[in-house]
$ cat upload-v5.cif   # mmCIF, C-alpha atoms and all ligand atoms
data_model
loop_
_atom_site.label_atom_id
_atom_site.label_comp_id
_atom_site.auth_asym_id
_atom_site.auth_seq_id
_atom_site.Cartn_x
_atom_site.Cartn_y
_atom_site.Cartn_z
CA MET A 16 33.36 288.28 77.31
CA ALA A 17 29.90 287.74 78.85
CA ARG A 18 30.43 290.58 81.31
CA LEU A 19 31.58 292.84 78.50
CA GLN A 20 28.54 291.98 76.40
CA ALA A 21 26.17 292.49 79.37
CA GLY A 22 27.71 295.88 80.10
CA LEU A 23 27.42 296.94 76.49
CA GLY A 24 23.77 295.75 76.33
CA ARG A 25 22.90 297.65 79.50
CA ARG A 26 24.48 300.82 78.14
CA LEU A 27 22.77 300.59 74.75
CA LEU A 28 19.34 299.20 75.67
CA SER A 29 18.38 300.76 78.99
CA ALA A 30 16.31 303.97 79.02
CA GLY A 31 18.21 307.16 79.70
CA PRO A 32 18.03 308.83 83.09
CA ASP A 33 15.71 311.53 81.71
CA VAL A 34 13.05 309.04 80.53
CA ASP A 35 10.32 308.29 83.06
CA LEU A 36 8.99 304.93 81.90
CA SER A 37 6.32 304.60 84.59
CA LEU A 38 4.80 307.91 83.41
CA ARG A 39 4.84 306.63 79.84
CA VAL A 40 3.18 303.34 80.89
CA ALA A 41 0.43 305.27 82.74
CA GLU A 42 -0.10 307.46 79.66
CA LEU A 43 -0.29 304.43 77.33
CA SER A 44 -2.75 302.66 79.67
CA ALA A 45 -4.98 305.75 79.69
CA THR A 46 -4.90 306.22 75.91
CA ARG A 47 -5.52 302.50 75.38
CA ALA A 48 -8.62 302.69 77.61
CA GLY A 49 -9.72 305.76 75.62
CA ALA A 50 -9.19 303.93 72.32
CA LEU A 51 -11.27 300.98 73.52
CA ASP A 52 -14.02 303.37 74.68
CA ALA A 53 -14.00 305.15 71.33
CA HIS A 54 -14.18 301.78 69.60
CA ALA A 55 -17.18 300.69 71.70
CA THR A 56 -18.95 304.00 71.02
CA GLU A 57 -18.31 303.57 67.30
CA LEU A 58 -19.72 300.03 67.33
CA ARG A 59 -22.81 301.27 69.21
CA ARG A 60 -23.30 304.04 66.66
CA ILE A 61 -23.02 301.58 63.74
CA GLU A 62 -25.40 299.14 65.47
CA ARG A 63 -27.93 301.96 66.05
CA SER A 64 -27.81 303.21 62.48
CA LEU A 65 -28.21 299.69 61.07
CA HIS A 66 -31.05 298.98 63.47
CA ASP A 67 -32.96 302.23 62.97
CA GLY A 68 -32.28 302.54 59.25
CA ALA A 69 -31.68 299.62 56.94
CA GLN A 70 -33.14 296.94 59.26
CA ASN A 71 -36.49 298.78 59.52
CA ARG A 72 -36.66 299.34 55.77
CA LEU A 73 -35.93 295.67 55.02
CA LEU A 74 -38.64 294.68 57.48
CA SER A 75 -41.16 296.75 55.56
CA VAL A 76 -39.91 295.19 52.29
CA ALA A 77 -40.68 291.74 53.73
CA VAL A 78 -44.12 292.82 55.00
CA LEU A 79 -45.07 294.48 51.69
CA ILE A 80 -43.96 291.47 49.62
CA GLY A 81 -45.93 289.13 51.92
CA ALA A 82 -49.06 291.29 51.57
CA SER A 83 -48.71 291.49 47.80
CA ARG A 84 -48.34 287.68 47.50
CA ARG A 85 -51.61 287.24 49.39
CA MET A 86 -53.29 289.82 47.16
CA VAL A 87 -51.93 288.83 43.75
CA ALA A 88 -54.72 286.31 42.82
CA ARG A 89 -57.74 288.47 43.68
CA ASP A 90 -56.37 291.98 43.03
CA PRO A 91 -53.31 292.04 40.72
CA ALA A 92 -53.35 295.86 40.42
CA GLY A 93 -53.30 296.28 44.22
CA ALA A 94 -50.50 293.71 44.49
CA ASP A 95 -48.49 295.60 41.91
CA GLU A 96 -48.85 298.80 43.90
CA LEU A 97 -47.57 297.02 47.03
CA LEU A 98 -44.60 295.65 45.07
CA GLU A 99 -43.77 299.16 43.92
CA ARG A 100 -43.72 300.34 47.55
CA ALA A 101 -41.54 297.34 48.45
CA GLN A 102 -39.12 298.28 45.69
CA SER A 103 -38.79 301.84 46.90
CA ALA A 104 -38.27 300.62 50.49
CA ALA A 105 -35.49 298.30 49.24
CA GLU A 106 -33.85 301.21 47.42
CA GLN A 107 -33.99 303.32 50.59
CA ALA A 108 -32.44 300.45 52.59
CA LEU A 109 -29.62 300.28 50.05
CA ALA A 110 -29.01 304.03 50.29
CA GLU A 111 -28.91 303.82 54.09
CA LEU A 112 -26.46 300.90 54.01
CA ARG A 113 -24.22 302.97 51.71
CA THR A 114 -24.29 305.87 54.19
CA VAL A 115 -23.39 303.57 57.09
CA ALA A 116 -20.52 302.00 55.10
CA ARG A 117 -19.20 305.45 54.13
CA ALA A 118 -19.21 306.54 57.78
CA ILE A 119 -16.99 303.55 58.75
CA LEU A 120 -14.18 304.27 56.27
CA PRO A 121 -14.93 306.89 53.63
CA PRO A 122 -14.11 305.36 50.21
CA VAL A 123 -13.22 308.86 49.00
CA LEU A 124 -10.00 308.56 51.07
CA ALA A 125 -8.84 305.53 49.10
CA ASP A 126 -10.00 306.99 45.76
CA ARG A 127 -8.80 310.58 46.00
CA GLY A 128 -6.35 310.63 48.93
CA LEU A 129 -6.49 312.92 51.94
CA ALA A 130 -6.29 316.15 49.93
CA GLY A 131 -9.22 315.17 47.70
CA ALA A 132 -11.29 313.91 50.62
CA LEU A 133 -10.71 317.12 52.61
CA SER A 134 -11.61 319.29 49.59
CA GLY A 135 -14.88 317.36 49.35
CA LEU A 136 -15.63 318.16 53.00
CA ALA A 137 -14.84 321.85 52.49
CA ALA A 138 -17.00 322.04 49.37
CA ASN A 139 -19.98 320.59 51.27
CA CYS A 140 -19.55 322.85 54.30
CA ALA A 141 -22.38 325.35 54.87
CA VAL A 142 -19.82 328.03 55.85
CA PRO A 143 -17.44 329.17 53.05
CA CYS A 144 -14.23 327.27 53.66
CA ARG A 145 -10.71 327.76 52.29
CA MET A 146 -8.54 324.67 52.02
CA ASP A 147 -4.75 324.67 52.09
CA VAL A 148 -3.39 321.14 51.89
CA ASP A 149 0.24 320.18 51.40
CA VAL A 150 0.66 316.52 52.24
CA PRO A 151 3.17 315.07 49.78
CA GLU A 152 3.24 311.54 51.22
CA ARG A 153 0.41 309.22 52.09
CA CYS A 154 -0.01 308.33 55.76
CA ALA A 155 -1.31 305.08 57.27
CA ALA A 156 -4.98 304.52 56.38
CA SER A 157 -6.07 304.76 60.03
CA VAL A 158 -4.25 308.11 60.41
CA GLU A 159 -5.85 309.51 57.25
CA ALA A 160 -9.27 308.34 58.44
CA THR A 161 -8.70 310.05 61.81
CA ALA A 162 -7.65 313.27 60.05
CA TYR A 163 -10.76 313.07 57.88
CA PHE A 164 -13.10 312.57 60.83
CA VAL A 165 -11.44 315.40 62.79
CA VAL A 166 -11.98 317.86 59.94
CA ALA A 167 -15.53 316.55 59.32
CA GLU A 168 -16.45 317.05 62.99
CA ALA A 169 -14.77 320.47 63.19
CA LEU A 170 -16.57 321.72 60.06
CA THR A 171 -19.91 320.35 61.32
CA ASN A 172 -19.33 322.19 64.60
CA ILE A 173 -18.50 325.39 62.73
CA ALA A 174 -21.74 325.14 60.74
CA LYS A 175 -23.79 324.19 63.83
CA HIS A 176 -22.40 326.33 66.64
CA SER A 177 -19.97 329.06 65.55
CA GLY A 178 -21.96 331.57 63.49
CA ALA A 179 -18.72 332.07 61.55
CA ARG A 180 -18.49 333.69 58.12
CA HIS A 181 -15.30 331.94 57.06
CA ALA A 182 -13.38 328.81 57.91
CA VAL A 183 -9.85 327.78 56.97
CA VAL A 184 -8.55 324.21 56.96
CA THR A 185 -4.78 323.67 56.76
CA ALA A 186 -3.03 320.31 56.47
CA ARG A 187 0.75 319.89 56.42
CA GLY A 188 2.64 316.65 56.05
CA GLY A 189 6.34 315.78 56.25
CA GLY A 190 8.93 314.45 58.66
CA GLY A 191 6.61 311.63 59.68
CA ARG A 192 3.96 314.00 61.09
CA LEU A 193 0.58 315.23 59.88
CA VAL A 194 -0.50 318.59 61.27
CA LEU A 195 -4.04 319.84 60.75
CA SER A 196 -5.66 323.04 61.80
CA VAL A 197 -9.26 324.18 61.44
CA GLU A 198 -10.01 327.81 62.17
CA ASP A 199 -13.19 329.88 62.14
CA ASP A 200 -14.06 333.53 62.81
CA GLY A 201 -17.16 332.73 64.85
CA ARG A 202 -18.25 333.39 68.42
CA GLY A 203 -15.82 331.02 70.18
CA GLY A 204 -16.49 329.26 73.47
CA ALA A 205 -15.99 325.77 72.04
CA GLY A 206 -15.51 322.85 74.38
CA GLY A 207 -16.26 324.82 77.60
CA SER A 208 -13.48 325.18 80.18
CA PRO A 209 -10.16 323.38 79.56
CA ARG A 210 -10.86 321.14 82.55
CA ALA A 211 -14.23 320.06 81.19
CA PHE A 212 -12.54 319.44 77.85
CA GLY A 213 -9.80 317.30 79.40
CA SER A 214 -12.22 315.19 81.40
CA GLY A 215 -14.37 314.50 78.36
CA GLY A 216 -17.25 316.63 79.60
CA GLU A 217 -17.42 318.77 76.44
CA ASP A 218 -20.50 320.73 77.55
CA GLY A 219 -22.73 317.75 76.87
CA GLY A 220 -21.42 317.19 73.33
CA SER A 221 -19.76 313.99 72.22
CA GLY A 222 -18.06 315.09 68.99
CA LEU A 223 -14.97 316.70 70.52
CA THR A 224 -14.62 313.91 73.10
CA GLY A 225 -14.72 311.36 70.28
CA ILE A 226 -12.00 313.04 68.24
CA ARG A 227 -9.85 313.62 71.33
CA ARG A 228 -9.95 309.85 72.03
CA ARG A 229 -9.20 308.93 68.43
CA ILE A 230 -6.17 311.24 68.44
CA ALA A 231 -4.91 309.98 71.82
CA ALA A 232 -5.10 306.42 70.47
CA HIS A 233 -2.65 307.47 67.73
CA ASP A 234 -0.37 309.11 70.30
CA GLY A 235 -1.17 312.48 68.71
CA GLY A 236 -1.92 315.86 70.25
CA LEU A 237 -4.93 318.15 70.12
CA THR A 238 -5.19 321.79 71.14
CA LEU A 239 -8.33 323.85 71.06
CA THR A 240 -8.29 327.58 71.65
CA SER A 241 -11.67 329.23 71.60
CA PRO A 242 -11.94 332.37 73.73
CA PRO A 243 -15.39 334.00 74.02
CA GLY A 244 -15.82 336.15 70.90
CA GLY A 245 -13.56 333.83 68.89
CA PRO A 246 -11.67 332.94 66.87
CA THR A 247 -11.73 329.18 67.37
CA VAL A 248 -8.64 327.22 66.32
CA LEU A 249 -8.43 323.45 66.55
CA THR A 250 -4.95 322.05 65.93
CA VAL A 251 -4.12 318.38 65.66
CA ASP A 252 -0.69 316.78 65.37
CA LEU A 253 -0.58 313.11 64.37
CA PRO A 254 2.33 310.74 63.82
CA CYS A 255 2.00 309.53 60.24
CA GLY A 256 2.43 305.82 60.96
CA SER A 257 3.33 303.44 58.15
N1 LIG B 1 -16.40 326.08 66.17
C1 LIG B 1 -17.14 326.30 67.30
N2 LIG B 1 -17.55 327.55 67.64
C2 LIG B 1 -18.28 327.76 68.75
N3 LIG B 1 -18.66 326.79 69.62
C3 LIG B 1 -18.31 325.52 69.34
C4 LIG B 1 -17.53 325.20 68.18
N4 LIG B 1 -17.29 323.86 68.19
C5 LIG B 1 -17.91 323.38 69.27
N5 LIG B 1 -18.53 324.37 69.99
C6 LIG B 1 -19.22 324.22 71.28
O1 LIG B 1 -18.67 323.11 71.97
C7 LIG B 1 -19.68 322.17 72.27
C8 LIG B 1 -19.15 320.76 72.14
O2 LIG B 1 -18.98 320.37 70.78
P1 LIG B 1 -19.15 318.84 70.39
O3 LIG B 1 -18.39 318.03 71.37
O4 LIG B 1 -18.81 318.68 68.96
O5 LIG B 1 -20.69 318.56 70.64
P2 LIG B 1 -21.98 318.75 69.71
O6 LIG B 1 -21.52 319.26 68.38
O7 LIG B 1 -22.56 317.38 69.65
O8 LIG B 1 -22.84 319.74 70.46
C9 LIG B 1 -20.83 322.47 71.32
O9 LIG B 1 -22.06 322.12 71.87
C10 LIG B 1 -20.70 323.97 71.12
O10 LIG B 1 -21.38 324.66 72.13
MG MG B 2 -20.10 318.36 67.25
#

$ encode --input "upload-v5.cif" --output "structure tokens"
Amino acid sequence: MARLQAGLGRRLLSAGPDVDLSLRVAELSATRAGALDAHATELRRIERSLHDGAQNRLLSVAVLIGASRRMVARDPAGADELLERAQSAAEQALAELRTVARAILPPVLADRGLAGALSGLAANCAVPCRMDVDVPERCAASVEATAYFVVAEALTNIAKHSGARHAVVTARGGGGRLVLSVEDDGRGGAGGSPRAFGSGGEDGGSGLTGIRRRIAAHDGGLTLTSPPGGPTVLTVDLPCGS
């Protein structure tokens, strides 16, 4: 009985002859290292924006309130003016904190879903952008956030580098996959040579490297075709997760 059960287990549980597990382990180790790198970069970015933005503003709030307390007895009008400046610095700090929080996980994703969030990005893009979204089911929150950041970065690149007149964003869901494509009719040449792209040397930029790492961490795929003269097409295929 034991031998029969062992034989059955071996037949059902072992990997097939066409599956190279050591290759898969190497791939997972590499994407895990990439995910950790992307995570560290993200933390550094958040730390920098808190440090340079809100923290500085709150420091000036403290200084202005201190100065106005010292002034209030002998010059109430001057103290009031300082308090007004402190109030506006506090309001700026609040606005900056909101921006930082939005960049971590855009609340628009939870409120309006992926389709609504992507339409918002297209509406704010400097280049006229057509949106074609058909994603009937919701994906895991981390997958939707990745999709959002991919499209945000691609549209920023189009506005910054492409000189395009039109952009098209397509999103298709179903069968447990989410496929996105962002296309522009600009000058092309994005990401430099394929080798530089693969090694993360994106011609000095960090945007494409960042999204490539995010996608690898989800076990997704990214292809970028951008011949000189254009058009540029960025396609991303993500497992939907649950
Ligand atoms: N849509 C595009 N059209 C033309 N060139 C692009 C496009 N997207 C990216 N590029 C080029 O690829 C480079 C790398 O992009 P990226 O990694 O996002 O870096 P960054 O935007 O910070 O410069 C850009 O500097 C730009 O030269
Ligand atoms: Mg960029």

$ residues_around --input "upload-v5.cif" --residues "stretch 156-159 of chain A" --least-positions-apart "4" --cutoff "10 Å" --atoms "only C-alpha atoms" --output "MDAnalysis selection string"
chainID A and resid 120 124:125 128:130 132 163:165 193 229:230 233 235 253:257

$ axis_aligned_box --input "upload-v5.cif" --around "stretch 42-54 of chain A" --padding-each-side "3 Å" --output "lines of an AutoDock Vina configuration file"
center_x = -7.1
center_y = 304.2
center_z = 74.6
size_x = 20.1
size_y = 12.5
size_z = 16.1

$ residues_around --input "upload-v5.cif" --residues "stretch 44-47 of chain A" --least-positions-apart "3" --cutoff "8 Å" --atoms "all atoms listed in the file" --output "PyMOL selection string"
chain A and resi 40-41+50-51+228+231-232+234

$ residues_near_ligand --input "upload-v5.cif" --ligand "ligand MG 2 (chain B)" --cutoff "7 Å" --atoms "all atoms listed in the file" --output "PyMOL selection string"
chain A and resi 168+171-172+220-223

$ residues_near_ligand --input "upload-v5.cif" --ligand "ligand LIG 1 (chain B)" --cutoff "10 Å" --atoms "all atoms listed in the file" --output "MDAnalysis selection string"
chainID A and resid 168:179 182 197:208 212 215:227 239:249

$ atom_distance --input "upload-v5.cif" --atom1 "atom CA of A:Leu136" --atom2 "atom CA of A:Val184"
10.1 Å

$ closest_residue --input "upload-v5.cif" --among "A:Leu112, A:Thr185, A:Ala48, A:Ala88" --to "A:Asp67" --atoms "all atoms listed in the file"
A:Leu112

$ closest_residue --input "upload-v5.cif" --among "A:Ser75, A:Ser37, A:Ser196, A:Ser134" --to "A:Glu106" --atoms "all atoms listed in the file"
A:Ser75

$ closest_residue --input "upload-v5.cif" --among "A:Leu195, A:Val166, A:Cys144, A:Leu79" --to "A:His181" --atoms "all atoms listed in the file"
A:Cys144

$ residues_around --input "upload-v5.cif" --residues "A:Gly131" --least-positions-apart "5" --cutoff "12 Å" --atoms "all atoms listed in the file" --output "PyMOL selection string"
chain A and resi 121-126+136-138+146-150+159+163+186

$ closest_residue --input "upload-v5.cif" --among "A:Asp252, A:Ala167, A:Gly49, A:Gly93" --to "A:Gly135" --atoms "all atoms listed in the file"
A:Ala167

$ residues_around --input "upload-v5.cif" --residues "A:Val115" --least-positions-apart "5" --cutoff "8 Å" --atoms "only C-alpha atoms" --output "PyMOL selection string"
chain A and resi 61+64-65

$ residues_around --input "upload-v5.cif" --residues "A:Val78" --least-positions-apart "4" --cutoff "12 Å" --atoms "all atoms listed in the file" --output "ChimeraX atom specification"
/A:71-74,82-85,97-98,100-102,104-105

$ closest_residue --input "upload-v5.cif" --among "A:Ser29, A:Val76, A:Ala160, A:Arg153" --to "A:Arg192" --atoms "all atoms listed in the file"
A:Arg153

$ atom_distance --input "upload-v5.cif" --atom1 "atom CA of A:Ala155" --atom2 "atom CA of A:Val34"
27.6 Å

$ closest_residue --input "upload-v5.cif" --among "A:Arg113, A:Arg127, A:Arg180, A:Arg89" --to "A:Ala69" --atoms "only C-alpha atoms"
A:Arg113

$ atom_distance --input "upload-v5.cif" --atom1 "atom CA of A:Arg145" --atom2 "atom CA of A:Thr250"
15.9 Å
